[in-house]
>>> print(open('structure.txt').read())   # compact mmCIF, C-alpha atoms and all ligand atoms
# COMPACT_ATOMS: atom_id res chain seq x y z
CA MET J 286 0.00 0.00 0.00
CA ASN J 287 1.18 3.51 -0.73
CA LEU J 288 1.12 5.05 2.76
CA LYS J 289 2.27 8.59 2.04
CA SER J 290 3.33 11.05 -0.67
CA GLY J 291 4.95 14.46 -0.85
CA LEU J 292 7.72 15.54 1.49
CA PRO J 293 7.21 14.27 5.06
CA PHE J 294 9.11 16.69 7.24
CA TRP J 295 10.76 14.28 9.71
CA LEU J 296 12.32 12.25 6.93
CA ILE J 297 13.71 15.36 5.22
CA LYS J 298 14.98 16.74 8.50
CA ASN J 299 16.62 13.56 9.80
CA GLY J 300 17.48 11.48 6.71
CA LEU J 301 17.30 7.71 6.31
CA ALA J 302 18.80 5.26 8.82
CA SER J 303 22.56 5.15 8.30
CA GLU J 304 22.87 1.36 8.14
CA TYR J 305 20.47 -1.43 7.31
CA LYS J 306 20.41 -5.06 6.31
CA THR J 307 18.03 -7.35 4.43
CA LEU J 308 17.28 -10.93 5.40
CA ASP J 309 18.82 -13.49 3.04
CA GLU J 310 18.86 -16.68 5.16
CA ASN J 311 16.55 -18.74 7.37
CA ILE J 312 16.72 -17.65 11.00
CA GLU J 313 15.22 -18.17 14.46
CA THR J 314 14.26 -15.79 17.23
CA GLU J 315 12.13 -15.71 20.36
CA VAL J 316 9.76 -12.94 19.25
CA LEU J 317 9.42 -11.71 15.69
CA ILE J 318 7.98 -8.22 15.32
CA ILE J 319 6.53 -7.26 11.94
CA GLY J 320 6.96 -3.51 11.45
CA SER J 321 9.74 -1.11 12.43
CA GLY J 322 7.52 1.94 12.94
CA ILE J 323 6.92 3.52 16.33
CA THR J 324 4.66 0.63 17.38
CA GLY J 325 7.17 -2.11 16.52
CA ALA J 326 9.98 -0.10 18.12
CA LEU J 327 8.04 0.32 21.37
CA VAL J 328 7.04 -3.38 21.45
CA ALA J 329 10.73 -4.24 21.01
CA HIS J 330 11.62 -1.79 23.78
CA PHE J 331 9.34 -3.32 26.39
CA LEU J 332 10.30 -6.90 25.47
CA CYS J 333 14.04 -6.17 25.25
CA GLU J 334 13.89 -4.54 28.70
CA GLU J 335 12.64 -7.93 29.99
CA GLY J 336 15.50 -9.77 28.29
CA VAL J 337 13.34 -11.22 25.49
CA LYS J 338 15.24 -11.84 22.26
CA CYS J 339 13.53 -9.83 19.50
CA LEU J 340 13.91 -9.47 15.78
CA ILE J 341 12.13 -6.87 13.66
CA VAL J 342 11.42 -7.10 9.94
CA ASP J 343 10.09 -4.36 7.72
CA LYS J 344 9.27 -4.45 4.04
CA ARG J 345 10.37 -0.81 3.74
CA MET J 346 13.47 0.98 4.84
CA GLU J 347 13.53 1.12 8.67
CA SER J 348 10.74 3.27 10.20
CA THR J 349 9.63 4.84 6.91
CA GLY J 350 5.94 3.89 7.07
CA SER J 351 3.29 6.17 8.62
CA THR J 352 5.66 7.03 11.46
CA THR J 353 7.56 9.44 9.20
CA ALA J 354 4.34 11.12 8.05
CA SER J 355 2.94 11.69 11.53
CA SER J 356 2.48 15.16 12.96
CA ALA J 357 3.15 13.48 16.32
CA GLN J 358 0.96 15.35 18.73
CA LEU J 359 0.38 13.36 21.89
CA GLN J 360 -2.97 13.91 23.50
CA TYR J 361 -4.98 12.03 26.06
CA GLU J 362 -8.21 13.16 24.42
CA ILE J 363 -9.09 10.95 21.47
CA ASP J 364 -11.10 11.89 18.34
CA VAL J 365 -14.29 10.58 19.93
CA PHE J 366 -15.62 12.76 22.78
CA LEU J 367 -15.64 10.98 26.14
CA PHE J 368 -19.42 11.41 26.35
CA ASP J 369 -19.77 9.74 22.93
CA LEU J 370 -17.34 6.97 23.81
CA ILE J 371 -19.40 6.24 26.93
CA GLU J 372 -22.41 5.62 24.64
CA LYS J 373 -20.32 3.22 22.54
CA VAL J 374 -18.35 1.22 25.11
CA GLY J 375 -19.81 2.08 28.52
CA GLU J 376 -18.64 4.55 31.16
CA GLU J 377 -16.01 2.36 32.83
CA ASN J 378 -14.19 1.37 29.62
CA ALA J 379 -14.45 4.82 28.06
CA VAL J 380 -12.93 6.51 31.10
CA LYS J 381 -10.28 3.78 31.32
CA ALA J 382 -9.34 4.41 27.66
CA TYR J 383 -8.89 8.13 28.33
CA GLU J 384 -6.87 7.42 31.50
CA LEU J 385 -4.59 4.99 29.65
CA CYS J 386 -3.93 7.59 26.94
CA LEU J 387 -3.07 10.14 29.63
CA GLU J 388 -0.69 7.71 31.32
CA SER J 389 0.94 6.77 28.00
CA ILE J 390 2.32 10.29 27.55
CA SER J 391 4.29 10.10 30.80
CA THR J 392 5.31 6.51 30.01
CA LEU J 393 6.79 7.76 26.75
CA GLN J 394 8.51 10.64 28.51
CA LYS J 395 10.12 8.18 30.95
CA ILE J 396 11.32 5.92 28.11
CA ILE J 397 12.90 8.89 26.32
CA LYS J 398 14.63 9.97 29.53
CA LYS J 399 15.82 6.49 30.41
CA LEU J 400 17.23 5.72 26.96
CA LYS J 401 18.60 9.30 26.66
CA ILE J 402 16.98 9.77 23.26
CA GLU J 403 17.06 13.19 21.58
CA ALA J 404 13.60 13.24 20.00
CA ASP J 405 12.50 16.86 20.56
CA PHE J 406 9.92 15.63 23.07
CA GLU J 407 8.16 18.48 24.85
CA ILE J 408 5.23 18.58 27.23
CA LYS J 409 2.74 21.05 25.75
CA SER J 410 -0.57 22.63 26.56
CA SER J 411 -3.47 21.97 24.23
CA LEU J 412 -6.56 23.86 23.11
CA TYR J 413 -9.63 22.08 21.80
CA LEU J 414 -11.56 24.91 20.12
CA ALA J 415 -15.31 25.10 19.58
CA SER J 416 -15.77 25.64 15.84
CA ASP J 417 -19.46 26.62 16.08
CA ALA J 418 -22.47 26.76 18.42
CA LYS J 419 -22.79 22.97 18.46
CA GLY J 420 -19.10 22.77 19.30
CA VAL J 421 -19.66 25.01 22.33
CA LYS J 422 -22.47 22.75 23.57
CA ASP J 423 -20.35 19.63 23.01
CA LEU J 424 -17.39 21.11 24.85
CA GLU J 425 -19.59 22.12 27.80
CA LYS J 426 -20.90 18.57 28.03
CA GLU J 427 -17.41 17.13 27.58
CA TYR J 428 -16.01 19.40 30.29
CA GLU J 429 -18.55 18.19 32.84
CA ILE J 430 -17.92 14.50 32.18
CA ARG J 431 -14.14 14.87 32.19
CA LYS J 432 -14.30 16.87 35.42
CA LYS J 433 -16.49 14.19 36.98
CA HIS J 434 -13.79 11.63 36.22
CA LYS J 435 -10.93 13.89 37.36
CA LEU J 436 -9.32 14.12 33.94
CA PRO J 437 -7.17 17.27 33.52
CA VAL J 438 -9.33 19.90 31.81
CA THR J 439 -10.14 23.64 32.03
CA PHE J 440 -13.00 25.38 30.26
CA LEU J 441 -12.06 28.68 28.59
CA ASN J 442 -14.75 31.13 27.49
CA GLN J 443 -14.52 33.62 24.60
CA LYS J 444 -13.03 36.38 26.74
CA GLN J 445 -10.38 34.12 28.27
CA LEU J 446 -9.44 32.69 24.86
CA LYS J 447 -9.04 36.16 23.42
CA SER J 448 -7.00 37.55 26.27
CA LYS J 449 -4.72 34.53 26.74
CA PHE J 450 -4.29 33.26 23.17
CA ASN J 451 -5.62 36.05 20.95
CA ILE J 452 -7.99 33.52 19.40
CA ASN J 453 -11.49 34.55 18.45
CA LYS J 454 -13.63 31.51 19.28
CA LYS J 455 -16.54 31.09 21.66
CA ALA J 456 -15.01 28.38 23.87
CA ALA J 457 -12.24 25.81 24.26
CA LEU J 458 -11.08 22.98 26.48
CA TYR J 459 -7.55 23.47 27.74
CA ASN J 460 -5.05 21.11 29.34
CA ASP J 461 -1.33 21.24 30.01
CA VAL J 462 -0.58 17.52 29.89
CA SER J 463 -0.20 17.03 26.12
CA ALA J 464 3.09 16.64 24.28
CA GLN J 465 4.79 16.72 20.91
CA VAL J 466 7.73 14.78 19.53
CA ASP J 467 9.69 14.00 16.38
CA THR J 468 8.32 10.47 15.84
CA TYR J 469 10.94 9.36 13.35
CA LYS J 470 13.83 10.45 15.57
CA LEU J 471 12.12 8.79 18.52
CA CYS J 472 11.57 5.56 16.62
CA GLN J 473 15.15 5.45 15.34
CA GLY J 474 16.45 6.31 18.83
CA ILE J 475 14.62 3.36 20.40
CA LEU J 476 15.74 0.93 17.68
CA ASN J 477 19.37 2.08 17.79
CA HIS J 478 19.47 1.85 21.58
CA HIS J 479 18.29 -1.75 21.62
CA LYS J 480 20.44 -2.77 18.66
CA LYS J 481 23.41 -1.59 20.69
CA HIS J 482 22.39 -2.72 24.17
CA SER J 483 19.90 -5.60 23.82
CA GLY J 484 20.97 -7.49 20.70
CA LEU J 485 17.93 -6.33 18.75
CA VAL J 486 18.23 -7.09 15.03
CA VAL J 487 16.24 -5.17 12.39
CA TYR J 488 15.92 -6.31 8.78
CA SER J 489 14.69 -3.78 6.21
CA HIS J 490 13.17 -4.60 2.81
CA THR J 491 11.97 -7.92 4.18
CA ASP J 492 8.32 -8.51 3.36
CA ILE J 493 6.33 -11.13 5.30
CA ILE J 494 3.87 -12.73 2.92
CA LYS J 495 2.72 -15.81 4.83
CA ILE J 496 2.51 -16.97 8.44
CA GLU J 497 2.18 -20.63 9.44
CA ASN J 498 1.60 -22.23 12.81
CA LYS J 499 3.68 -25.38 13.36
CA LYS J 500 3.56 -27.77 16.30
CA ASP J 501 5.85 -25.90 18.69
CA PHE J 502 6.52 -22.64 16.92
CA ILE J 503 5.23 -20.11 14.43
CA GLU J 504 6.94 -19.42 11.11
CA ALA J 505 6.95 -16.34 8.91
CA HIS J 506 7.78 -16.58 5.21
CA THR J 507 9.39 -13.69 3.39
CA GLU J 508 8.87 -12.65 -0.19
CA LYS J 509 12.46 -13.71 -0.92
CA LYS J 510 11.62 -17.23 0.28
CA ASN J 511 13.40 -17.16 3.63
CA THR J 512 11.76 -18.27 6.89
CA ILE J 513 11.82 -16.87 10.40
CA LYS J 514 10.98 -19.30 13.17
CA ALA J 515 9.71 -17.75 16.41
CA LYS J 516 7.89 -18.56 19.64
CA ARG J 517 5.50 -15.67 19.04
CA ILE J 518 4.89 -13.03 16.40
CA VAL J 519 3.83 -9.47 17.15
CA ALA J 520 2.12 -7.80 14.20
CA ALA J 521 2.77 -4.05 14.19
CA PRO J 522 2.17 -3.42 10.47
CA GLY J 523 0.47 -0.03 10.90
CA PHE J 524 -2.32 0.59 8.43
CA GLU J 525 -1.33 -2.39 6.27
CA SER J 526 -2.80 -5.08 8.48
CA GLU J 527 -5.03 -6.47 5.73
CA ASN J 528 -2.25 -8.84 4.52
CA ILE J 529 -1.77 -10.27 8.00
CA LEU J 530 -5.17 -10.09 9.70
CA ASP J 531 -8.15 -11.73 8.00
CA GLU J 532 -10.80 -9.60 9.72
CA LYS J 533 -11.42 -6.05 8.46
CA VAL J 534 -11.30 -3.87 11.56
CA MET J 535 -10.87 -0.33 10.26
CA GLN J 536 -11.76 2.22 7.65
CA LEU J 537 -8.88 3.86 5.77
CA ASN J 538 -8.82 7.63 5.26
CA SER J 539 -6.52 10.19 3.66
CA THR J 540 -5.06 13.14 5.54
CA TYR J 541 -2.96 16.19 4.63
CA VAL J 542 -0.23 18.18 6.41
CA PHE J 543 2.18 21.03 5.77
CA VAL J 544 5.04 22.60 7.68
CA SER J 545 5.78 26.30 7.41
CA LYS J 546 9.03 28.07 6.79
CA PRO J 547 10.73 28.98 10.11
CA LEU J 548 9.20 32.05 11.77
CA LYS J 549 10.37 34.57 14.36
CA ASP J 550 9.58 34.01 18.04
CA GLU J 551 7.12 36.90 18.03
CA ASP J 552 5.09 35.21 15.26
CA PHE J 553 3.81 32.48 17.60
CA TRP J 554 0.83 32.32 19.92
CA ASN J 555 1.03 31.99 23.68
CA GLU J 556 2.59 28.75 24.98
CA ARG J 557 2.83 27.48 21.39
CA CYS J 558 0.12 25.10 22.52
CA LEU J 559 -1.30 22.34 20.35
CA ILE J 560 -4.58 23.36 18.75
CA TRP J 561 -7.45 21.39 17.26
CA GLU J 562 -11.15 21.98 16.87
CA THR J 563 -14.61 20.41 17.05
CA ALA J 564 -15.39 20.80 13.29
CA ARG J 565 -15.24 17.58 11.24
CA PRO J 566 -13.01 17.41 9.31
CA TYR J 567 -10.84 19.50 11.63
CA ILE J 568 -7.41 21.10 11.40
CA TYR J 569 -4.73 20.53 14.01
CA VAL J 570 -1.76 22.77 14.71
CA ARG J 571 1.60 22.30 16.44
CA THR J 572 5.02 23.89 16.32
CA THR J 573 8.49 22.42 15.82
CA ASN J 574 11.66 23.14 17.73
CA ASP J 575 13.12 24.92 14.70
CA ASN J 576 10.37 27.55 14.82
CA ARG J 577 7.98 26.17 12.23
CA ILE J 578 4.24 25.64 12.38
CA MET J 579 2.84 22.27 11.33
CA VAL J 580 -0.81 22.22 10.32
CA GLY J 581 -2.78 19.23 9.12
CA GLY J 582 -6.22 17.77 8.72
CA PHE J 583 -9.00 18.07 6.15
CA ASP J 584 -9.27 14.27 6.08
CA GLU J 585 -11.09 12.44 3.32
CA PRO J 586 -12.90 9.14 3.90
CA PHE J 587 -11.07 7.19 1.19
CA GLN J 588 -7.65 5.61 0.75
CA ASP J 589 -7.00 5.50 -3.03
CA PRO J 590 -3.45 6.99 -3.21
CA LYS J 591 -3.89 8.49 -6.70
CA ARG J 592 -7.07 10.31 -5.72
CA ARG J 593 -5.46 11.28 -2.40
CA ASP J 594 -2.38 12.74 -4.08
CA ARG J 595 -4.33 14.67 -6.71
CA LEU J 596 -5.99 16.59 -3.87
CA MET J 597 -2.74 17.48 -2.12
CA GLU J 598 -2.36 21.06 -3.36
CA LYS J 599 -6.02 21.90 -2.97
CA LYS J 600 -6.06 20.52 0.58
CA ASN J 601 -2.91 22.41 1.36
CA ASP J 602 -4.62 25.67 0.37
CA LEU J 603 -7.72 24.82 2.40
CA ILE J 604 -5.67 24.03 5.51
CA LEU J 605 -3.71 27.26 5.12
CA LYS J 606 -6.92 29.27 4.75
CA ARG J 607 -8.44 27.69 7.85
CA PHE J 608 -5.25 28.44 9.80
CA LYS J 609 -5.26 32.09 8.65
CA LYS J 610 -8.86 32.44 9.76
CA LEU J 611 -7.69 31.45 13.21
CA PHE J 612 -4.63 33.72 13.13
CA PRO J 613 -5.39 36.47 10.54
CA GLU J 614 -2.14 38.30 11.24
CA SER J 615 0.14 35.28 10.91
CA LYS J 616 3.13 35.52 8.55
CA ILE J 617 2.94 31.79 7.86
CA GLU J 618 4.27 30.46 4.51
CA VAL J 619 4.25 26.81 3.49
CA ASP J 620 7.64 25.09 3.12
CA PHE J 621 6.93 21.33 2.69
CA TYR J 622 3.70 19.41 2.42
CA TRP J 623 2.70 15.79 2.31
CA CYS J 624 -0.25 13.48 2.75
CA GLY J 625 -0.84 10.08 4.24
CA THR J 626 -3.25 7.26 4.88
CA PHE J 627 -4.58 6.52 8.33
CA GLY J 628 -7.05 4.06 9.77
CA GLU J 629 -10.01 4.63 12.01
CA THR J 630 -12.12 2.15 13.97
CA LYS J 631 -15.84 2.41 14.67
CA ASP J 632 -15.40 3.36 18.32
CA GLY J 633 -12.11 5.27 17.86
CA LEU J 634 -10.19 2.73 19.95
CA PRO J 635 -7.25 0.51 18.94
CA PHE J 636 -7.16 -3.27 18.62
CA ILE J 637 -4.60 -4.91 20.86
CA GLY J 638 -3.80 -8.51 21.70
CA GLU J 639 -4.66 -11.98 20.44
CA HIS J 640 -7.12 -12.80 17.66
CA LYS J 641 -9.02 -16.10 17.62
CA ASP J 642 -8.04 -16.85 13.99
CA HIS J 643 -4.34 -16.16 14.47
CA PRO J 644 -2.85 -18.28 17.25
CA ASN J 645 0.56 -17.46 18.72
CA MET J 646 0.31 -13.88 17.51
CA TYR J 647 -0.34 -10.54 19.15
CA PHE J 648 -1.63 -7.53 17.25
CA ALA J 649 -0.70 -3.92 18.01
CA LEU J 650 -3.05 -1.88 15.84
CA GLY J 651 -3.23 1.67 17.18
CA TYR J 652 -5.81 2.98 14.76
CA GLY J 653 -7.21 6.48 15.22
CA GLY J 654 -6.03 10.05 15.60
CA ASN J 655 -4.01 9.05 18.68
CA GLY J 656 -1.97 6.32 17.00
CA ILE J 657 1.20 6.99 18.97
CA THR J 658 -0.35 6.99 22.43
CA PHE J 659 -2.14 3.76 21.44
CA SER J 660 1.24 2.33 20.35
CA VAL J 661 2.64 2.93 23.84
CA ILE J 662 -0.38 1.25 25.44
CA ALA J 663 -0.24 -1.70 23.00
CA ALA J 664 3.49 -2.27 23.49
CA GLU J 665 3.26 -2.39 27.28
CA MET J 666 0.18 -4.64 27.22
CA ILE J 667 1.75 -7.08 24.78
CA LYS J 668 4.85 -7.33 26.98
CA ASP J 669 2.59 -8.25 29.93
CA MET J 670 0.65 -10.76 27.82
CA TYR J 671 3.86 -12.38 26.61
CA LEU J 672 5.17 -12.63 30.16
CA GLY J 673 1.90 -14.26 31.23
CA LYS J 674 0.87 -11.36 33.49
CA LYS J 675 -2.84 -10.84 34.09
CA THR J 676 -3.97 -8.00 31.82
CA GLU J 677 -7.27 -6.22 31.70
CA ASN J 678 -7.79 -5.62 27.97
CA ILE J 679 -10.47 -3.13 26.98
CA PHE J 680 -9.05 -3.02 23.43
CA SER J 681 -9.46 -6.71 22.57
CA PHE J 682 -10.91 -7.86 19.22
CA ASP J 683 -14.02 -9.25 20.91
CA ARG J 684 -14.91 -6.11 22.88
C1 LIG T 701 -0.39 12.60 8.37
C2 LIG T 701 -0.52 11.86 9.64
C3 LIG T 701 -0.59 12.55 10.85
C4 LIG T 701 -0.69 11.86 12.05
N1 LIG T 701 -0.70 12.58 13.22
C5 LIG T 701 -0.72 11.93 14.40
C6 LIG T 701 -0.64 12.64 15.63
O1 LIG T 701 -0.58 13.88 15.65
N2 LIG T 701 -0.64 11.94 16.78
C7 LIG T 701 -0.70 10.57 16.80
O2 LIG T 701 -0.68 9.98 17.88
N3 LIG T 701 -0.78 9.87 15.66
C8 LIG T 701 -0.78 10.50 14.46
N4 LIG T 701 -0.84 9.80 13.29
C9 LIG T 701 -0.90 8.35 13.36
C10 LIG T 701 0.47 7.78 13.69
O3 LIG T 701 1.44 8.38 12.88
C11 LIG T 701 0.43 6.29 13.44
O4 LIG T 701 -0.55 5.73 14.28
C12 LIG T 701 1.76 5.64 13.77
O5 LIG T 701 2.83 6.25 13.11
C13 LIG T 701 1.67 4.18 13.37
O6 LIG T 701 2.90 3.58 13.65
P1 LIG T 701 3.09 2.08 13.27
O7 LIG T 701 4.43 1.70 13.72
O8 LIG T 701 1.94 1.29 13.81
O9 LIG T 701 2.94 2.07 11.68
P2 LIG T 701 4.07 2.37 10.58
O10 LIG T 701 4.92 3.51 10.96
O11 LIG T 701 3.38 2.42 9.27
O12 LIG T 701 4.97 1.08 10.67
C14 LIG T 701 4.50 -0.19 10.25
C15 LIG T 701 5.58 -0.82 9.43
O13 LIG T 701 5.20 -2.15 9.13
C16 LIG T 701 5.73 -2.48 7.88
N5 LIG T 701 4.97 -3.62 7.35
C17 LIG T 701 3.63 -3.68 7.10
N6 LIG T 701 3.30 -4.90 6.63
C18 LIG T 701 4.44 -5.62 6.58
C19 LIG T 701 4.74 -6.94 6.15
N7 LIG T 701 3.79 -7.76 5.70
N8 LIG T 701 6.04 -7.36 6.20
C20 LIG T 701 7.01 -6.52 6.64
N9 LIG T 701 6.77 -5.27 7.05
C21 LIG T 701 5.51 -4.82 7.02
C22 LIG T 701 5.58 -1.21 7.06
O14 LIG T 701 6.51 -1.15 6.00
C23 LIG T 701 5.80 -0.12 8.10
O15 LIG T 701 7.11 0.44 8.05
C24 LIG T 701 -0.76 10.45 12.07
C25 LIG T 701 -0.70 9.74 10.86
C26 LIG T 701 -0.57 10.43 9.66
C27 LIG T 701 -0.48 9.65 8.39
>>> encode(input="structure.txt", output="structure tokens")
Amino acid sequence: MNLKSGLPFWLIKNGLASEYKTLDENIETEVLIIGSGITGALVAHFLCEEGVKCLIVDKRMESTGSTTASSAQLQYEIDVFLFDLIEKVGEENAVKAYELCLESISTLQKIIKKLKIEADFEIKSSLYLASDAKGVKDLEKEYEIRKKHKLPVTFLNQKQLKSKFNINKKAALYNDVSAQVDTYKLCQGILNHHKKHSGLVVYSHTDIIKIENKKDFIEAHTEKKNTIKAKRIVAAPGFESENILDEKVMQLNSTYVFVSKPLKDEDFWNERCLIWETARPYIYVRTTNDNRIMVGGFDEPFQDPKRRDRLMEKKNDLILKRFKKLFPESKIEVDFYWCGTFGETKDGLPFIGEHKDHPNMYFALGYGGNGITFSVIAAEMIKDMYLGKKTENIFSFDR
């Protein structure tokens, strides 16, 4: 599948991995991880920390799937309002999902600190803006339910928004527990650390085309006719799960992003907070540590890469216009733009764990706007499952 087009900023900024190898023999490992994106890297991290021997394969160059296209905002609030999620999965599970996302941001911060990774990680504040009158009503309702469950949230009215952020909207939800990161740098940092310290091996350009369960092990077959024998396989294939998982569990969409030319310090808004809005489709805004603004959104509910790419310039203009409506005096100018595919589930939650049709495998499918926070949750849960620890799984396939 063609996952992205255009010029994804992180890849341009950081460049490809300096060394890589391709599998050209039959090998054995304890756990085989399919996918070297942020999900596969985090799964490897948690397992390697427990002394589990891991091997990662990727059909692309290391970490160059959706992870390079990501705008990498880390938020505990998912695309589905908590009050809506309660309708879909019940109050206990909905609140638990929000709490796990919140916790995953500090888990990631601790990993980055422990492994001493330079990934431009920064705790940020976040504004969820009401786009219209319905948005105001939704945010009021959302505020009450989040407050009831002690989730970090502040309600800002029009006057407060104007005076603090110079934004002309009727209302917003604010929190200061969000974050932003350079996902590609983070992913590469985790992989490089464990290659050096835990014997992790990563094979690029190694496509898994078939998986077979044998009596005492599971075997993956590569396109180049090599086999990898393992005790367990973790599938972290991002939005390309359809070749590995028989069941269709998500809808694929297209999304668009640009990054501006660097600006002066005085050209930014207060706190350089993350910004998104209640309109659907919405735009989201973040900044980078080299003084750029990254704006994305205007999703389309289809995946066809040709159709997606034809819309790139038009979407870019629309996103820029929407941004300028928010900040009419901004000196923003587009530098690079790109687009990507992303998956969404019916309830907005990821799928994690075992699937009845695929024995000896775990799936880490963090579908939704919060893919990275879901990756953290999935990786830690799969480590516990592999170690035989009791896990409460609200993201299972049979939920
Ligand atoms: C434009 C855009 C903006 C986004 N913004 C955000 C955001 O702000 N915040 C957020 O949390 N999330 C965001 N996301 C989502 C987030 O980027 C993804 O959830 C995350 O990067 C997925 O990581 P992954 O490792 O699961 O997938 P990937 O990075 O795609 O990695 C999976 C890897 O598996 C490999 N693979 C697949 N099948 C096989 C196979 N059969 N054999 C071998 N290898 C295989 C692929 O080559 C790929 O490299 C965004 C996504 C996009 C596209």
>>> residues_near_point(input="structure.txt", point="(-11.9, 23.3, 26.9)", cutoff="7 Å", atoms="only C-alpha atoms", output="list in words")
Leu412, Tyr413, Leu414, Leu424, Tyr428, Val438, Thr439, Phe440, Leu441, Ala456, Ala457, Leu458 and Tyr459 of chain J
>>> write_last_selection(input="structure.txt", atoms="C-alpha atoms", output="compact mmCIF listing (two decimals), keeping the file's coordinate frame")
# COMPACT_ATOMS: atom_id res chain seq x y z
CA LEU J 412 -6.56 23.86 23.11
CA TYR J 413 -9.63 22.08 21.80
CA LEU J 414 -11.56 24.91 20.12
CA LEU J 424 -17.39 21.11 24.85
CA TYR J 428 -16.01 19.40 30.29
CA VAL J 438 -9.33 19.90 31.81
CA THR J 439 -10.14 23.64 32.03
CA PHE J 440 -13.00 25.38 30.26
CA LEU J 441 -12.06 28.68 28.59
CA ALA J 456 -15.01 28.38 23.87
CA ALA J 457 -12.24 25.81 24.26
CA LEU J 458 -11.08 22.98 26.48
CA TYR J 459 -7.55 23.47 27.74
>>> axis_aligned_box(input="structure.txt", around="ligand LIG 701 (chain T)", padding_each_side="4 Å", output="JSON")
{"center_x": 3.1, "center_y": 3.1, "center_z": 11.8, "size_x": 16.0, "size_y": 29.6, "size_z": 20.2}
>>> closest_residue(input="structure.txt", among="J:Val316, J:Val570, J:Ile323, J:Ile667", to="Ala354 of chain J", atoms="all atoms listed in the file")
J:Ile323
>>> residues_near_ligand(input="structure.txt", ligand="ligand LIG 701 (chain T)", cutoff="6 Å", atoms="only C-alpha atoms and all ligand atoms", output="PyMOL selection string")
chain J and resi 319-325+342-345+348-352+354-359+491-494+521-523+525+540-542+624-627+651-652+654-658
>>> atom_distance(input="structure.txt", atom1="atom CA of Asp552 of chain J", atom2="atom CA of Ser615 of chain J")
6.6 Å
>>> closest_residue(input="structure.txt", among="J:Ser660, J:Lys495, J:Gly474, J:Thr573", to="Asn511 of chain J", atoms="only C-alpha atoms")
J:Lys495
>>> closest_residue(input="structure.txt", among="J:Asp584, J:Asp467, J:Asp632, J:Glu556", to="Asn299 of chain J", atoms="all atoms listed in the file")
J:Asp467
>>> closest_residue(input="structure.txt", among="J:Arg684, J:Lys509, J:Arg595, J:Arg607", to="Asn311 of chain J", atoms="all atoms listed in the file")
J:Lys509
>>> residues_around(input="structure.txt", residues="Gln443 of chain J", least_positions_apart="5", cutoff="12 Å", atoms="all atoms listed in the file", output="PyMOL selection string")
chain J and resi 414-416+421+448-458
>>> residues_around(input="structure.txt", residues="Glu310 of chain J", least_positions_apart="3", cutoff="9 Å", atoms="all atoms listed in the file", output="list in words")
Lys510, Asn511, Thr512 and Ile513 of chain J
>>> write_last_selection(input="structure.txt", atoms="C-alpha atoms", output="compact mmCIF listing (two decimals), in the frame of the given file")
# COMPACT_ATOMS: atom_id res chain seq x y z
CA LYS J 510 11.62 -17.23 0.28
CA ASN J 511 13.40 -17.16 3.63
CA THR J 512 11.76 -18.27 6.89
CA ILE J 513 11.82 -16.87 10.40
>>> closest_residue(input="structure.txt", among="J:Lys422, J:Lys398, J:His643, J:Lys298", to="Thr563 of chain J", atoms="all atoms listed in the file")
J:Lys422
>>> residues_near_point(input="structure.txt", point="(4.5, 31.1, 9.8)", cutoff="12 Å", atoms="only C-alpha atoms", output="PyMOL selection string")
chain J and resi 543-554+570-573+575-580+605+608-609+612-620
>>> closest_residue(input="structure.txt", among="J:Lys444, J:Lys409, J:Lys306, J:Lys289", to="His490 of chain J", atoms="only C-alpha atoms")
J:Lys306
>>> atom_distance(input="structure.txt", atom1="atom CA of Gly336 of chain J", atom2="atom CA of Glu403 of chain J")
24.0 Å
>>> closest_atom_pairs(input="structure.txt", of="segment 421-487 of chain J", to="segment 390-394 of chain J", cutoff="10 Å", atoms="all atoms listed in the file", output="Markdown table")
| residue | atom | partner | partner_atom | distance |
| --- | --- | --- | --- | --- |
| J:Val462 | CA | J:Ile390 | CA | 8.1 |
| J:Ser463 | CA | J:Ile390 | CA | 7.3 |
| J:Ala464 | CA | J:Ile390 | CA | 7.2 |
| J:Gln465 | CA | J:Ile390 | CA | 9.6 |
| J:Val466 | CA | J:Gln394 | CA | 9.9 |
| J:Leu471 | CA | J:Leu393 | CA | 9.9 |
>>> write_last_selection(input="structure.txt", atoms="C-alpha atoms", output="short mmCIF file (atom, residue, chain, number, x, y, z; two decimals), in the frame of the given file")
data_model
loop_
_atom_site.label_atom_id
_atom_site.label_comp_id
_atom_site.auth_asym_id
_atom_site.auth_seq_id
_atom_site.Cartn_x
_atom_site.Cartn_y
_atom_site.Cartn_z
CA VAL J 462 -0.58 17.52 29.89
CA SER J 463 -0.20 17.03 26.12
CA ALA J 464 3.09 16.64 24.28
CA GLN J 465 4.79 16.72 20.91
CA VAL J 466 7.73 14.78 19.53
CA LEU J 471 12.12 8.79 18.52
#
>>> atom_distance(input="structure.txt", atom1="atom CA of Ala520 of chain J", atom2="atom CA of Phe648 of chain J")
4.8 Å
>>> closest_atom_pairs(input="structure.txt", of="segment 379-427 of chain J", to="segment 670-677 of chain J", cutoff="12 Å", atoms="all atoms listed in the file", output="tab-separated table")
residue	atom	partner	partner_atom	distance
J:Lys381	CA	J:Glu677	CA	10.5
J:Ala382	CA	J:Glu677	CA	11.6
J:Leu385	CA	J:Glu677	CA	11.7
>>> residues_around(input="structure.txt", residues="Ser483 of chain J", least_positions_apart="6", cutoff="8 Å", atoms="all atoms listed in the file", output="list of chain:residue names")
J:Cys333, J:Glu334, J:Gly336, J:Lys338
>>> write_last_selection(input="structure.txt", atoms="C-alpha atoms", output="CSV table (one decimal), in the coordinates of the input")
chain,number,residue,atom,x,y,z
J,333,CYS,CA,14.0,-6.2,25.2
J,334,GLU,CA,13.9,-4.5,28.7
J,336,GLY,CA,15.5,-9.8,28.3
J,338,LYS,CA,15.2,-11.8,22.3
